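Student: I have a structure I would like to understand better, so I am pasting it below and will then ask my questions one at a time.
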Amino acid sequence: MVAAYLKADMNDYTLLKFTGELVDIMCKMNPKYEEYVTTESGKKVLYVQLLKALYGCVVSALLWYELFSGHLKEMGFEINPYDSCIANKLINGKQCTIAWYVDDMKISHVNKDVVTQIILELEKKFGKMSVTRGRKHKFLGMSLQFKNDRTVTIQMKDYLQESIDESGLNIVHEAATPAKGSLFDVDSESPLLEGEEFDTFQSVVAKLLYVAIRARLDMLLPVAFLCTRVTKSTKQDQMKLKRVLEYVKGSIDLVYTMGAESLNSVQSWVDASYAVHPDMKSHTGGITSFGLGGFMGKSTKQKLNTKSSTEAELIGASDYLPNTIWLKLFMEAQGHKMSEIVFEQDNESAIRMEANGRMSAGQKSRHINIRYFWIKDQTKELGIEVRHCPTLLMLADFFTKPLNGSLFRKFRDVILGYKPVSSLRETMPSDIEERVGNCEQQSQNRHNVPQDNTSKIINVPTCVPIVPQEEQYKENQQQQEGFIKSNESSRR
């Protein structure tokens with residue numbers, strides 16, 4: 001849609017000031033403006049009143065939204081209350097959905113004639129629109145292709161190539177992973193970037209973040225970390241960016257595929273890496289899937305310091321759970337009743353707190369009760385199952401720590417949709433060995449603790465059941481009674 005904002009009328013008195021050459025341009029377009037030209041500080045000035053919404057004005061976006069969404073309501077569409085840029089209407093017994101971003105929109109219906117009719121009605125109000133049909137589309141820099149198997153693929157190769165070219169880092173080699181195991185290590189003596197190098201670093205990282213969220217979740221972790229460094233970037237950070245770009249160069253043809261085994265069943269994974277940042281703050285990771293390909297990926301530095309890994313996991317769960325709740329509400333507003341929602345974590349202490357509340361809280365966890373009580377109430381009310389996930393199946397690990405080798409490829413294939421979520425159960429022995437080796441190496445590097453060959457980090461599976469509230473309550477009562485009796489006997 002061309003010049004969409006100009007379709008909306010301004011609802012208040014707004015003046016626009018032209019100076020210098022812009023005044024001459026306006027007068028050339030309309031000579032009547034010449035009599036209104038004045039001089040301020042020796043420069044030509046022209047004040048005009050805005051009658052239409054103009055791109056760049058704060059209120060213009062709201063005026064356009066109200067105009068467009070209001071017209072859709074007049075056409076019988078209903079706005080999804082959990083995403084104000086999604087509208088639905090039943091036409092001929094089938095749902096028609098319009099999704100839009102400013103003046104770019106996608107219209108879908110099983111009958112192409114219905115889509116044609118909707119376009120014609122919109123053109124009556126807003127003028128001629130540029131329309132593309134078929135299975136391939138360009139939208140906000142994304143190349144979308146809808147497949148016959150009800151999946152969609154997304155690529156953003158142009159943005160990735162622009163990032164490589166703009167960096168000026170002479171990317172000639174290719175890397176198998178986007179980050180080394182030392183991603184979170186910061187050298188305080190590394191020289192700061194200055195001038196053009198500093199600006200380029202910010203620009204490339206911002207561009208990679210835009211791509212990572214939409215089409216390349218496999219590089220979200222290192223990009224998210226580099227985002228924490230843009231105001232104080234160093235030569236060391238520049239080398240980490242180069243590593244990401246070397247990975248991009250070697251994987252630029254990767255395709256992100258999304259699909260669903262069922263729109264009524266969804267699975268989320270959340271994890272946290274404890275105190276990995278230089279200021280000892282932890283890192284949260286999360287991902288959600290309908291069975292093929294991940295979405296709503298999250299990889300962020302936590303906002304506060306924590307006293308234990310359990311507390312870090314609780315904060316991570318508290319930060320990511322709103323995404324799962326929103327998805328349930330959004331999907332049900334779209335007409336898909338959610339029958340199963342699973343929230344996966346690998347920290348069983350955190351799970352017990354979230355499931356049992358105060359029953360599983362000790363002296364060292366009372367200060368975090370608000371978070372786990374909120375999670376407990378929300379999961380119970382919305383029917384979300386909090387479930388323990390073995391570490392080697394924890395997909396959110398991909399967004400909290402730099403993995404390598406077969407485990408990295410295994411998780412990447414699931415997140416990008418090359419393999420279904422069910423393939424995670426195909427655990428290979430090499431995954432265990434690889435993870436043990438990584439943990440061992442990181443522990444030695446980070447804490448400089450010498451270890452001989454007899455000291456090995458072993459990944460021993462555990463299974464601590466969640467204690468039902470009534471049983472836990474009885475046990476606590478018995479312990480309390482025993483404590484009281486012992487005190488009474490000592491007094492005697």
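Each chain of the structure tokens is named A, B, ... in the order shown, its residues numbered from 1; ligands are numbered from 1 in display order.
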Residues of segment 156-307 of chain A classed as helix (DSSP H, G or I) by DSSP on the backbone are to be reported as a PyMOL selection string.

Tutor: chain A and resi 157-167+195-214+217-227+235-250

Student: Excluding Ile118 of chain A and residues on its chain fewer than 6 positions from it, collect all residues at most 12 Å away from it, counting only C-alpha atoms, and give them as an mmCIF file with C-alpha atoms, in the first residue's frame.

Tutor:
```cif
data_model
loop_
_atom_site.group_PDB
_atom_site.id
_atom_site.type_symbol
_atom_site.label_atom_id
_atom_site.label_comp_id
_atom_site.auth_asym_id
_atom_site.auth_seq_id
_atom_site.Cartn_x
_atom_site.Cartn_y
_atom_site.Cartn_z
ATOM 1 C CA HIS A 71 -12.189 -0.418 8.477
ATOM 2 C CA LEU A 72 -11.501 -4.124 9.019
ATOM 3 C CA MET A 75 -15.903 -5.390 7.103
ATOM 4 C CA GLY A 76 -16.818 -7.834 9.881
ATOM 5 C CA PHE A 77 -13.331 -8.801 11.043
ATOM 6 C CA LYS A 89 -13.482 -13.480 10.018
ATOM 7 C CA ILE A 91 -16.235 -16.517 5.380
ATOM 8 C CA CYS A 96 -9.954 -15.679 6.838
ATOM 9 C CA THR A 97 -6.965 -14.145 8.629
ATOM 10 C CA ILE A 98 -5.250 -10.826 7.937
ATOM 11 C CA MET A 105 -0.173 -7.346 5.055
ATOM 12 C CA LYS A 106 -0.771 -11.039 4.469
ATOM 13 C CA ILE A 107 -4.281 -12.320 3.701
ATOM 14 C CA SER A 108 -5.039 -16.041 3.879
ATOM 15 C CA HIS A 109 -8.119 -18.153 3.129
ATOM 16 C CA ASN A 111 -10.497 -20.002 -1.304
ATOM 17 C CA LYS A 112 -8.404 -17.629 -3.443
ATOM 18 C CA LYS A 124 -11.929 0.820 -2.528
ATOM 19 C CA LYS A 125 -10.931 2.469 0.742
ATOM 20 C CA MET A 129 -2.234 -2.054 -3.728
ATOM 21 C CA VAL A 131 -0.244 -7.716 -4.662
#
```

Student: I'd like to know which of A:Gln334, A:Pro322, A:Cys227, A:Thr151 is closest to Tyr418 of chain A, using only C-alpha atoms.

Tutor: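 Distance minimum relative to Tyr418 of chain A lands on A:Thr151.
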
Student: Any chance you could tabulate, as a Markdown table, the residues of segment 221-305 of chain A at most 10 Å from segment 160-173 of chain A with each one's nearest atom pair and distance in Å to one decimal, using only C-alpha atoms, in chain and rising number order?

Tutor:
```
| residue | atom | partner | partner_atom | distance |
| --- | --- | --- | --- | --- |
| A:Gln238 | CA | A:Leu169 | CA | 8.7 |
| A:Met239 | CA | A:Leu169 | CA | 8.9 |
| A:Leu241 | CA | A:Ser167 | CA | 8.9 |
| A:Lys242 | CA | A:Leu169 | CA | 6.6 |
| A:Arg243 | CA | A:Ile171 | CA | 9.0 |
| A:Val244 | CA | A:Ile164 | CA | 9.7 |
| A:Leu245 | CA | A:Ile164 | CA | 6.2 |
| A:Glu246 | CA | A:His173 | CA | 5.9 |
| A:Tyr247 | CA | A:His173 | CA | 8.6 |
| A:Val248 | CA | A:Leu160 | CA | 7.0 |
| A:Lys249 | CA | A:Ile171 | CA | 7.7 |
| A:Gly250 | CA | A:His173 | CA | 8.1 |
| A:Ile252 | CA | A:Leu160 | CA | 7.1 |
```

Student: Which is closer to Thr284 of chain A than all the others in A:Thr116, A:Thr400, A:Ser265, A:Ser309, using only C-alpha atoms?

Tutor: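 Selected residue with least distance to Thr284 of chain A: A:Thr400.
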
Student: Give me, please, the distance in Å between atom CA of Asn323 of chain A and atom CA of Met296 of chain A, quoted to one decimal.

Tutor: 7.5 Å

Student: List the spatial neighbours of Gly293 of chain A as a PDB file with C-alpha atoms, in the first residue's frame - criterion: any atom at most 6 Å away, only C-alpha atoms, same-chain residues fewer than 6 positions off excluded.

Tutor:
```pdb
ATOM      1  CA  THR A 257      11.503 -24.387   8.636  1.00  0.00           C
ATOM      2  CA  MET A 258       8.411 -24.128  10.821  1.00  0.00           C
ATOM      3  CA  VAL A 414      15.709 -29.442  15.675  1.00  0.00           C
ATOM      4  CA  ILE A 415      15.559 -25.669  16.222  1.00  0.00           C
ATOM      5  CA  LEU A 416      15.826 -24.875  12.500  1.00  0.00           C
ATOM      6  CA  GLY A 417      13.282 -27.556  11.613  1.00  0.00           C
TER       7      GLY A 417
END
```

Student: Of the candidates A:Ala175, A:Val186, A:Ile384, A:Leu329, which one gets nearest to Ser268 of chain A if we count only C-alpha atoms?

Tutor: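 Among the listed residues, the smallest separation from Ser268 of chain A belongs to A:Ile384.
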
Student: Going by DSSP on the backbone, which residues of segment 17-236 of chain A come out as strand (DSSP E)? List them as a PyMOL selection string.

Tutor: chain A and resi 17-19+38-40+43-49+78-79+86-91+94-101+104-108+136-139+142-146+152-155

Student: Write the residues of the preceding selection, restricted to N, CA and C atoms, as a compact mmCIF listing (two decimals), in the first residue's frame.

Tutor:
```txt
# COMPACT_ATOMS: atom_id res chain seq x y z
N LYS A 17 7.83 22.50 10.30
CA LYS A 17 8.74 23.59 9.98
C LYS A 17 9.73 23.16 8.90
N PHE A 18 9.79 23.92 7.80
CA PHE A 18 10.78 23.70 6.74
C PHE A 18 11.81 24.82 6.79
N THR A 19 13.09 24.47 6.58
CA THR A 19 14.15 25.46 6.56
C THR A 19 15.09 25.20 5.39
N THR A 38 9.14 33.11 5.72
CA THR A 38 9.70 34.15 6.59
C THR A 38 11.20 33.88 6.77
N THR A 39 11.85 34.73 7.53
CA THR A 39 13.29 34.57 7.78
C THR A 39 13.55 34.52 9.27
N GLU A 40 14.33 33.53 9.69
CA GLU A 40 14.73 33.40 11.09
C GLU A 40 16.23 33.14 11.14
N LYS A 43 17.87 32.61 7.82
CA LYS A 43 17.49 31.45 7.02
C LYS A 43 16.01 31.49 6.68
N LYS A 44 15.70 31.02 5.48
CA LYS A 44 14.30 30.93 5.07
C LYS A 44 13.58 29.88 5.90
N VAL A 45 12.36 30.21 6.31
CA VAL A 45 11.55 29.31 7.12
C VAL A 45 10.13 29.29 6.59
N LEU A 46 9.54 28.09 6.56
CA LEU A 46 8.16 27.94 6.13
C LEU A 46 7.44 27.03 7.11
N TYR A 47 6.36 27.53 7.71
CA TYR A 47 5.54 26.72 8.61
C TYR A 47 4.27 26.29 7.88
N VAL A 48 3.96 25.01 7.96
CA VAL A 48 2.73 24.50 7.35
C VAL A 48 1.98 23.66 8.38
N GLN A 49 0.67 23.63 8.24
CA GLN A 49 -0.15 22.80 9.13
C GLN A 49 -0.37 21.43 8.48
N GLU A 78 -12.70 -9.47 13.29
CA GLU A 78 -12.53 -9.33 14.73
C GLU A 78 -11.05 -9.34 15.05
N ILE A 79 -10.57 -8.33 15.78
CA ILE A 79 -9.16 -8.22 16.13
C ILE A 79 -8.83 -9.20 17.25
N ILE A 86 -3.61 -8.76 14.14
CA ILE A 86 -4.19 -9.98 13.57
C ILE A 86 -5.71 -9.83 13.60
N ALA A 87 -6.36 -10.04 12.45
CA ALA A 87 -7.82 -9.95 12.38
C ALA A 87 -8.38 -11.20 11.71
N ASN A 88 -9.53 -11.67 12.19
CA ASN A 88 -10.13 -12.90 11.70
C ASN A 88 -11.61 -12.70 11.37
N LYS A 89 -12.07 -13.50 10.39
CA LYS A 89 -13.48 -13.48 10.02
C LYS A 89 -13.84 -14.82 9.37
N LEU A 90 -14.98 -15.38 9.74
CA LEU A 90 -15.45 -16.60 9.10
C LEU A 90 -16.16 -16.24 7.80
N ILE A 91 -15.65 -16.76 6.70
CA ILE A 91 -16.23 -16.52 5.38
C ILE A 91 -16.48 -17.87 4.71
N LYS A 94 -15.17 -20.90 6.58
CA LYS A 94 -13.73 -21.03 6.78
C LYS A 94 -13.15 -19.71 7.27
N GLN A 95 -12.09 -19.80 8.06
CA GLN A 95 -11.51 -18.60 8.66
C GLN A 95 -10.61 -17.86 7.69
N CYS A 96 -10.83 -16.57 7.60
CA CYS A 96 -9.95 -15.68 6.84
C CYS A 96 -9.15 -14.86 7.84
N THR A 97 -7.85 -14.84 7.69
CA THR A 97 -6.97 -14.14 8.63
C THR A 97 -6.14 -13.10 7.89
N ILE A 98 -6.09 -11.90 8.46
CA ILE A 98 -5.25 -10.83 7.94
C ILE A 98 -4.23 -10.46 9.01
N ALA A 99 -2.96 -10.56 8.65
CA ALA A 99 -1.87 -10.13 9.53
C ALA A 99 -1.16 -8.97 8.86
N TRP A 100 -0.86 -7.92 9.60
CA TRP A 100 -0.24 -6.76 8.96
C TRP A 100 0.81 -6.11 9.85
N TYR A 101 1.75 -5.44 9.18
CA TYR A 101 2.77 -4.64 9.83
C TYR A 101 2.80 -3.30 9.11
N ASP A 104 2.09 -3.28 5.24
CA ASP A 104 2.35 -4.58 4.60
C ASP A 104 1.46 -5.61 5.26
N MET A 105 0.76 -6.39 4.46
CA MET A 105 -0.17 -7.35 5.06
C MET A 105 -0.16 -8.67 4.32
N LYS A 106 -0.63 -9.70 5.03
CA LYS A 106 -0.77 -11.04 4.47
C LYS A 106 -2.21 -11.48 4.70
N ILE A 107 -2.89 -11.88 3.63
CA ILE A 107 -4.28 -12.32 3.70
C ILE A 107 -4.33 -13.80 3.33
N SER A 108 -4.97 -14.61 4.16
CA SER A 108 -5.04 -16.04 3.88
C SER A 108 -6.47 -16.56 4.03
N LYS A 136 5.55 -18.12 -2.72
CA LYS A 136 6.78 -17.41 -2.39
C LYS A 136 6.48 -15.92 -2.19
N HIS A 137 7.00 -15.38 -1.09
CA HIS A 137 6.74 -13.97 -0.77
C HIS A 137 7.97 -13.35 -0.11
N LYS A 138 8.07 -12.04 -0.22
CA LYS A 138 9.08 -11.24 0.49
C LYS A 138 8.34 -10.39 1.50
N PHE A 139 8.74 -10.49 2.77
CA PHE A 139 8.04 -9.74 3.81
C PHE A 139 9.04 -9.31 4.87
N MET A 142 12.34 -10.93 4.84
CA MET A 142 12.32 -12.40 4.91
C MET A 142 11.81 -12.98 3.59
N SER A 143 12.47 -14.03 3.12
CA SER A 143 12.00 -14.77 1.95
C SER A 143 11.19 -15.95 2.46
N LEU A 144 9.88 -15.90 2.25
CA LEU A 144 8.97 -16.92 2.75
C LEU A 144 8.55 -17.85 1.63
N GLN A 145 8.51 -19.14 1.92
CA GLN A 145 8.01 -20.11 0.95
C GLN A 145 7.11 -21.11 1.69
N PHE A 146 5.86 -21.16 1.27
CA PHE A 146 4.89 -22.06 1.88
C PHE A 146 4.88 -23.37 1.09
N VAL A 152 6.46 -23.83 6.43
CA VAL A 152 6.93 -22.60 5.80
C VAL A 152 8.43 -22.48 6.05
N THR A 153 9.17 -22.10 5.03
CA THR A 153 10.61 -21.89 5.17
C THR A 153 10.92 -20.40 5.11
N ILE A 154 11.94 -20.00 5.87
CA ILE A 154 12.31 -18.59 5.96
C ILE A 154 13.81 -18.46 5.77
N GLN A 155 14.21 -17.55 4.90
CA GLN A 155 15.62 -17.25 4.69
C GLN A 155 15.84 -15.74 4.63
```

Student: Can you work out the spacing between atom CA of Thr132 of chain A and atom CA of Glu74 of chain A in Å, to one decimal?

Tutor: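 Going from atom CA of Thr132 of chain A over to atom CA of Glu74 of chain A, I get 24.8 Å.
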
Student: Rounded to one decimal in Å, what is the spacing between atom CA of Gly93 of chain A and atom CA of Phe126 of chain A?

Tutor: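 Atom-to-atom, atom CA of Gly93 of chain A and atom CA of Phe126 of chain A are spaced 27.2 Å apart.
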
Student: Can you pull out the residues contacting Phe295 of chain A? Cut-off 9 Å, using only C-alpha atoms, and skip same-chain residues under 3 positions away; I want them as a VMD selection string.

Tutor: chain A and resid 213 to 214 217 258 287 to 290 298 415

Student: Just checking: using only C-alpha atoms, which residue out of A:Val115, A:Leu54, A:Val205, A:Val230 ends up closest to Leu192 of chain A?

Tutor: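 So, comparing all the options, the nearest one is A:Val230.
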
Student: Give me the residues within 8 Å of Thr300 of chain A as an MDAnalysis selection string, counting only C-alpha atoms and dropping any in the same chain fewer than 2 places off.

Tutor: chainID A and resid 224:225 283:285 298 302
